[in-house]
>>> print(open('final-v2.txt').read())   # compact mmCIF, C-alpha atoms and all ligand atoms
# COMPACT_ATOMS: atom_id res chain seq x y z
CA MET A 1 -13.81 -100.44 184.00
CA LYS A 2 -14.71 -98.68 180.82
CA VAL A 3 -12.12 -96.64 179.08
CA VAL A 4 -13.53 -93.44 177.68
CA SER A 5 -11.37 -91.97 175.08
CA ARG A 6 -11.74 -88.32 174.31
CA PHE A 7 -10.54 -86.60 171.24
CA TYR A 8 -9.56 -83.01 171.43
CA CYS A 9 -9.25 -81.23 168.19
CA THR A 10 -7.52 -77.89 167.90
CA PRO A 11 -9.22 -75.83 165.23
CA ASN A 12 -7.05 -73.78 162.99
CA ASP A 13 -7.71 -70.22 164.24
CA GLU A 14 -6.49 -68.55 161.09
CA ASN A 15 -9.02 -70.37 158.95
CA ILE A 16 -11.90 -69.34 161.23
CA GLU A 17 -10.90 -65.67 161.05
CA GLU A 18 -10.75 -65.81 157.29
CA GLU A 19 -14.21 -67.36 157.13
CA GLN A 20 -15.64 -64.64 159.37
CA LYS A 21 -14.14 -61.95 157.16
CA LYS A 22 -15.74 -63.52 154.11
CA ALA A 23 -19.12 -63.72 155.85
CA ILE A 24 -19.49 -59.90 156.13
CA ASP A 25 -22.36 -58.62 154.06
CA PRO A 26 -20.84 -56.32 151.39
CA SER A 27 -23.77 -53.90 151.77
CA LYS A 28 -22.78 -53.37 155.43
CA ASP A 29 -19.12 -52.77 154.73
CA ARG A 30 -18.20 -49.12 155.21
CA THR A 31 -14.41 -49.34 154.91
CA LYS A 32 -14.47 -48.18 151.29
CA VAL A 33 -13.91 -44.43 150.95
CA ILE A 34 -16.21 -42.88 148.38
CA PRO A 35 -14.97 -39.62 146.83
CA VAL A 36 -17.16 -36.52 147.13
CA GLU A 37 -17.35 -36.14 143.37
CA THR A 38 -19.10 -39.53 143.13
CA SER A 39 -21.55 -38.47 145.83
CA ILE A 40 -22.31 -35.17 144.08
CA ARG A 41 -22.96 -37.02 140.82
CA TYR A 42 -25.15 -39.54 142.67
CA LEU A 43 -27.33 -36.78 144.12
CA GLN A 44 -28.03 -35.56 140.58
CA SER A 45 -28.68 -39.03 139.18
CA LYS A 46 -31.92 -40.79 138.33
CA ALA A 47 -31.22 -43.56 140.86
CA TYR A 48 -31.18 -41.02 143.68
CA GLU A 49 -34.40 -39.43 142.43
CA GLU A 50 -36.12 -42.82 142.33
CA THR A 51 -34.89 -43.78 145.80
CA TYR A 52 -35.87 -40.64 147.67
CA GLY A 53 -38.49 -39.12 145.36
CA GLY A 54 -37.24 -35.56 145.64
CA LYS A 55 -37.66 -35.50 149.42
CA PRO A 56 -34.85 -34.98 151.94
CA VAL A 57 -33.01 -38.23 152.70
CA TRP A 58 -34.28 -38.37 156.29
CA THR A 59 -38.04 -37.90 155.69
CA LEU A 60 -38.99 -41.56 155.40
CA TYR A 61 -36.57 -42.79 158.07
CA ARG A 62 -38.00 -44.19 161.27
CA ARG A 63 -35.75 -45.54 163.99
CA ASN A 64 -36.61 -48.92 165.49
CA HIS A 65 -36.83 -48.70 169.25
CA LYS A 66 -38.27 -50.43 172.26
CA GLY A 67 -41.45 -48.98 173.74
CA GLY A 68 -43.71 -46.19 172.61
CA PHE A 69 -41.24 -43.32 172.62
CA ALA A 70 -37.97 -42.97 170.77
CA PRO A 71 -34.87 -42.46 172.94
CA ARG A 72 -34.13 -38.79 173.52
CA LYS A 73 -30.70 -39.06 171.94
CA THR A 74 -29.88 -40.65 168.62
CA ARG A 75 -27.35 -43.46 168.31
CA LYS A 76 -23.70 -42.67 169.00
CA SER A 77 -22.73 -44.31 165.75
CA CYS A 78 -24.12 -46.83 163.31
CA VAL A 79 -20.70 -48.08 162.20
CA ARG A 80 -18.26 -49.99 164.38
CA GLY A 81 -14.96 -51.18 163.03
CA GLY A 82 -15.95 -50.26 159.48
CA ILE A 83 -19.09 -52.43 159.54
CA ILE A 84 -22.68 -51.37 160.16
CA SER A 85 -23.50 -52.60 163.65
CA THR A 86 -27.26 -52.05 163.63
CA GLY A 87 -30.15 -53.30 161.56
CA ASN A 88 -31.60 -49.81 161.34
CA PRO A 89 -28.77 -47.42 160.44
CA CYS A 90 -29.40 -43.68 160.19
CA PRO A 91 -30.22 -42.00 156.84
CA ILE A 92 -26.58 -41.03 156.21
CA CYS A 93 -25.02 -44.36 157.21
CA ARG A 94 -27.51 -46.55 155.36
CA ASP A 95 -26.59 -45.06 151.98
CA GLU A 96 -22.85 -45.24 151.47
CA TYR A 97 -22.97 -42.77 148.57
CA LEU A 98 -24.11 -39.92 150.81
CA VAL A 99 -20.83 -38.23 151.73
CA LEU A 100 -20.85 -35.30 154.12
CA ASP A 101 -18.54 -32.68 152.67
CA HIS A 102 -18.60 -28.91 152.36
CA ARG A 103 -18.77 -29.22 148.56
CA ASN A 104 -21.80 -31.53 148.63
CA THR A 105 -24.27 -28.68 149.05
CA LYS A 106 -27.30 -30.52 147.68
CA LEU A 107 -27.08 -32.93 150.61
CA LEU A 108 -26.26 -30.30 153.24
CA GLN A 109 -29.24 -28.15 152.26
CA GLN A 110 -31.59 -30.95 153.33
CA PHE A 111 -30.43 -30.54 156.92
CA ILE A 112 -31.07 -26.79 157.10
CA SER A 113 -34.52 -25.57 158.06
CA GLU A 114 -36.21 -23.67 155.28
CA TYR A 115 -38.07 -21.54 157.81
CA THR A 116 -35.31 -20.47 160.18
CA GLY A 117 -32.12 -21.15 158.22
CA GLN A 118 -30.74 -23.12 161.16
CA ILE A 119 -29.30 -26.64 161.17
CA LEU A 120 -31.94 -29.23 162.06
CA ASP A 121 -31.60 -31.17 165.30
CA ALA A 122 -30.43 -34.80 165.18
CA PHE A 123 -33.56 -35.86 167.05
CA HIS A 124 -35.64 -34.48 164.19
CA THR A 125 -33.65 -35.98 161.33
CA GLY A 126 -32.62 -39.20 163.13
CA ILE A 127 -28.98 -39.17 162.08
CA CYS A 128 -26.47 -40.60 164.54
CA GLN A 129 -24.29 -38.38 166.72
CA ARG A 130 -21.08 -39.11 164.85
CA LYS A 131 -22.61 -38.10 161.51
CA GLN A 132 -24.33 -35.07 163.09
CA LYS A 133 -20.91 -33.84 164.21
CA GLU A 134 -19.53 -34.30 160.70
CA LEU A 135 -22.59 -32.52 159.32
CA LEU A 136 -22.09 -29.48 161.56
CA VAL A 137 -18.46 -29.21 160.47
CA ALA A 138 -19.39 -29.55 156.79
CA ILE A 139 -22.17 -26.94 156.96
CA GLU A 140 -20.04 -24.44 158.89
CA LYS A 141 -17.25 -24.91 156.35
CA ALA A 142 -19.69 -24.49 153.45
CA TRP A 143 -21.02 -21.25 154.96
CA ASP A 144 -17.47 -20.07 155.56
CA GLN A 145 -16.35 -20.76 152.01
CA GLY A 146 -19.55 -19.43 150.44
CA ASN A 147 -20.81 -22.74 149.01
CA LEU A 148 -24.02 -22.29 151.00
CA THR A 149 -25.69 -18.95 151.57
CA TYR A 150 -27.01 -18.12 154.97
CA ASP A 151 -30.52 -17.01 154.05
CA VAL A 152 -33.16 -16.10 156.53
CA PRO A 153 -36.55 -15.54 154.93
CA PHE A 154 -37.60 -11.91 154.74
CA ARG A 155 -40.20 -11.05 157.34
CA GLU A 156 -42.57 -8.16 157.09
CA TYR A 157 -43.36 -6.58 160.38
CA ASP A 158 -46.30 -4.37 161.14
CA TYR A 159 -44.45 -1.65 163.00
CA SER A 160 -47.63 0.10 164.00
CA LEU A 161 -48.05 -2.62 166.63
CA TYR A 162 -44.79 -1.58 168.26
CA ASN A 163 -45.23 2.18 168.06
CA LYS A 164 -47.15 3.98 170.72
CA THR A 165 -50.29 5.57 169.44
CA THR A 166 -50.81 9.16 170.48
CA ASN A 167 -54.51 9.49 170.84
ZN ZN A 201 -25.30 -43.24 161.40
>>> encode(input="final-v2.txt", output="C-alpha cells")
Amino acid sequence: MKVVSRFYCTPNDENIEEEQKKAIDPSKDRTKVIPVETSIRYLQSKAYEETYGGKPVWTLYRRNHKGGFAPRKTRKSCVRGGIISTGNPCPICRDEYLVLDHRNTKLLQQFISEYTGQILDAFHTGICQRKQKELLVAIEKAWDQGNLTYDVPFREYDYSLYNKTTN
C-alpha cells in the first residue's frame, strides 16, 4: 500500500491582506479628500483646459453598456469602499479633482441648461446617481447663497397672437 503524504500549508492571512492593499491602482483610489479650493484652481488651470477643451466635463463621456441602448438609469455609484468599482466611471468620478461644492460654480454651471436654466438630467450627462444627488444639493445651495444666478433667457412674445382681433 502506498502512503500518500499531504502537506497542508496555512498561509499567513495578514500578509495576503497587505498585498491586496498594495495592489490597488492609485488612480482608482478615492479615499483622499480634495479641498474645494484645489478644485476651483484646477478648473482655471491649463491642464483642465487641455483635458476638456473648454467643453462641459460630460460632453465626451460615453457609458459602456451591453446592447444597443443605454440603461434608462445611470449607475448607483462608481465608487465602492473608496475605490472605483467600474472601468467606465462617470465624468465626476473619473476626475478626482472635480469636487461638487456650492462654491465651485464653474463646475456647477456645466450641469445647468443654457436654454431653460434647469438642472440637466443624469441620463443626459451620464453622471451616477450618488453624484447627481450631491450635484442637486450643491446647485440648490449655490442658488440659495447667491453664488449662481437663476437666469432664464428673456423671451419676446408676439402678444398679437394671443389677443382677439376685432374685425
Ligand atoms: Zn460616478
>>> residues_around(input="final-v2.txt", residues="Thr149 in chain A", least_positions_apart="4", cutoff="10 Å", atoms="only C-alpha atoms", output="short mmCIF file (atom, residue, chain, number, x, y, z; two decimals) with C-alpha atoms, in the frame of the given file")
data_model
loop_
_atom_site.label_atom_id
_atom_site.label_comp_id
_atom_site.auth_asym_id
_atom_site.auth_seq_id
_atom_site.Cartn_x
_atom_site.Cartn_y
_atom_site.Cartn_z
CA GLN A 109 -29.24 -28.15 152.26
CA GLY A 117 -32.12 -21.15 158.22
CA ALA A 142 -19.69 -24.49 153.45
CA TRP A 143 -21.02 -21.25 154.96
CA ASP A 144 -17.47 -20.07 155.56
CA GLN A 145 -16.35 -20.76 152.01
#
>>> residues_around(input="final-v2.txt", residues="Arg75 in chain A", least_positions_apart="4", cutoff="10 Å", atoms="all atoms listed in the file", output="list in words")
Arg63, Pro71, Thr86, Pro89, Cys90, Ala122, Phe123, Gly126, Ile127, Cys128, Gln129, Arg130 and Lys131 of chain A
>>> residues_around(input="final-v2.txt", residues="Leu100 in chain A", least_positions_apart="2", cutoff="10 Å", atoms="all atoms listed in the file", output="list in words")
Val36, Ser39, Ile92, Tyr97, Leu98, His102, Arg103, Asn104, Thr105, Leu107, Leu108, Lys131, Gln132, Glu134, Leu135, Leu136, Val137, Ala138 and Ile139 of chain A
>>> axis_aligned_box(input="final-v2.txt", around="range 109-116 of chain A", padding_each_side="8 Å", output="AutoDock Vina command-line options")
--center_x -33.7 --center_y -25.7 --center_z 156.2 --size_x 24.8 --size_y 26.5 --size_z 23.9
>>> atom_distance(input="final-v2.txt", atom1="CA of Glu140 in chain A", atom2="CA of Phe154 in chain A")
22.0 Å
>>> atom_distance(input="final-v2.txt", atom1="CA of Asp151 in chain A", atom2="CA of Leu120 in chain A")
14.7 Å
>>> atom_distance(input="final-v2.txt", atom1="CA of Phe111 in chain A", atom2="CA of Lys66 in chain A")
26.3 Å
>>> closest_residue(input="final-v2.txt", among="A:Asp29, A:Asp95, A:Asp101, A:Glu37", to="ligand ZN 201 (chain A)", atoms="all atoms listed in the file")
A:Asp95
>>> closest_residue(input="final-v2.txt", among="A:Tyr42, A:Ala47, A:Arg30, A:Leu161", to="ligand ZN 201 (chain A)", atoms="all atoms listed in the file")
A:Arg30
>>> closest_residue(input="final-v2.txt", among="A:Thr74, A:Ser113, A:Thr38, A:Thr31", to="ligand ZN 201 (chain A)", atoms="all atoms listed in the file")
A:Thr74
>>> closest_residue(input="final-v2.txt", among="A:Phe69, A:Tyr48, A:Tyr157, A:Trp58", to="ligand ZN 201 (chain A)", atoms="only C-alpha atoms and all ligand atoms")
A:Trp58
>>> residues_around(input="final-v2.txt", residues="Pro153 in chain A", least_positions_apart="5", cutoff="10 Å", atoms="only C-alpha atoms", output="count of residues only")
4
>>> closest_residue(input="final-v2.txt", among="A:Arg94, A:Lys73, A:Lys55, A:His124", to="ligand ZN 201 (chain A)", atoms="all atoms listed in the file")
A:Arg94
>>> closest_residue(input="final-v2.txt", among="A:Gly54, A:Asn147, A:Lys164, A:Ile24", to="Ile83 in chain A", atoms="all atoms listed in the file")
A:Ile24
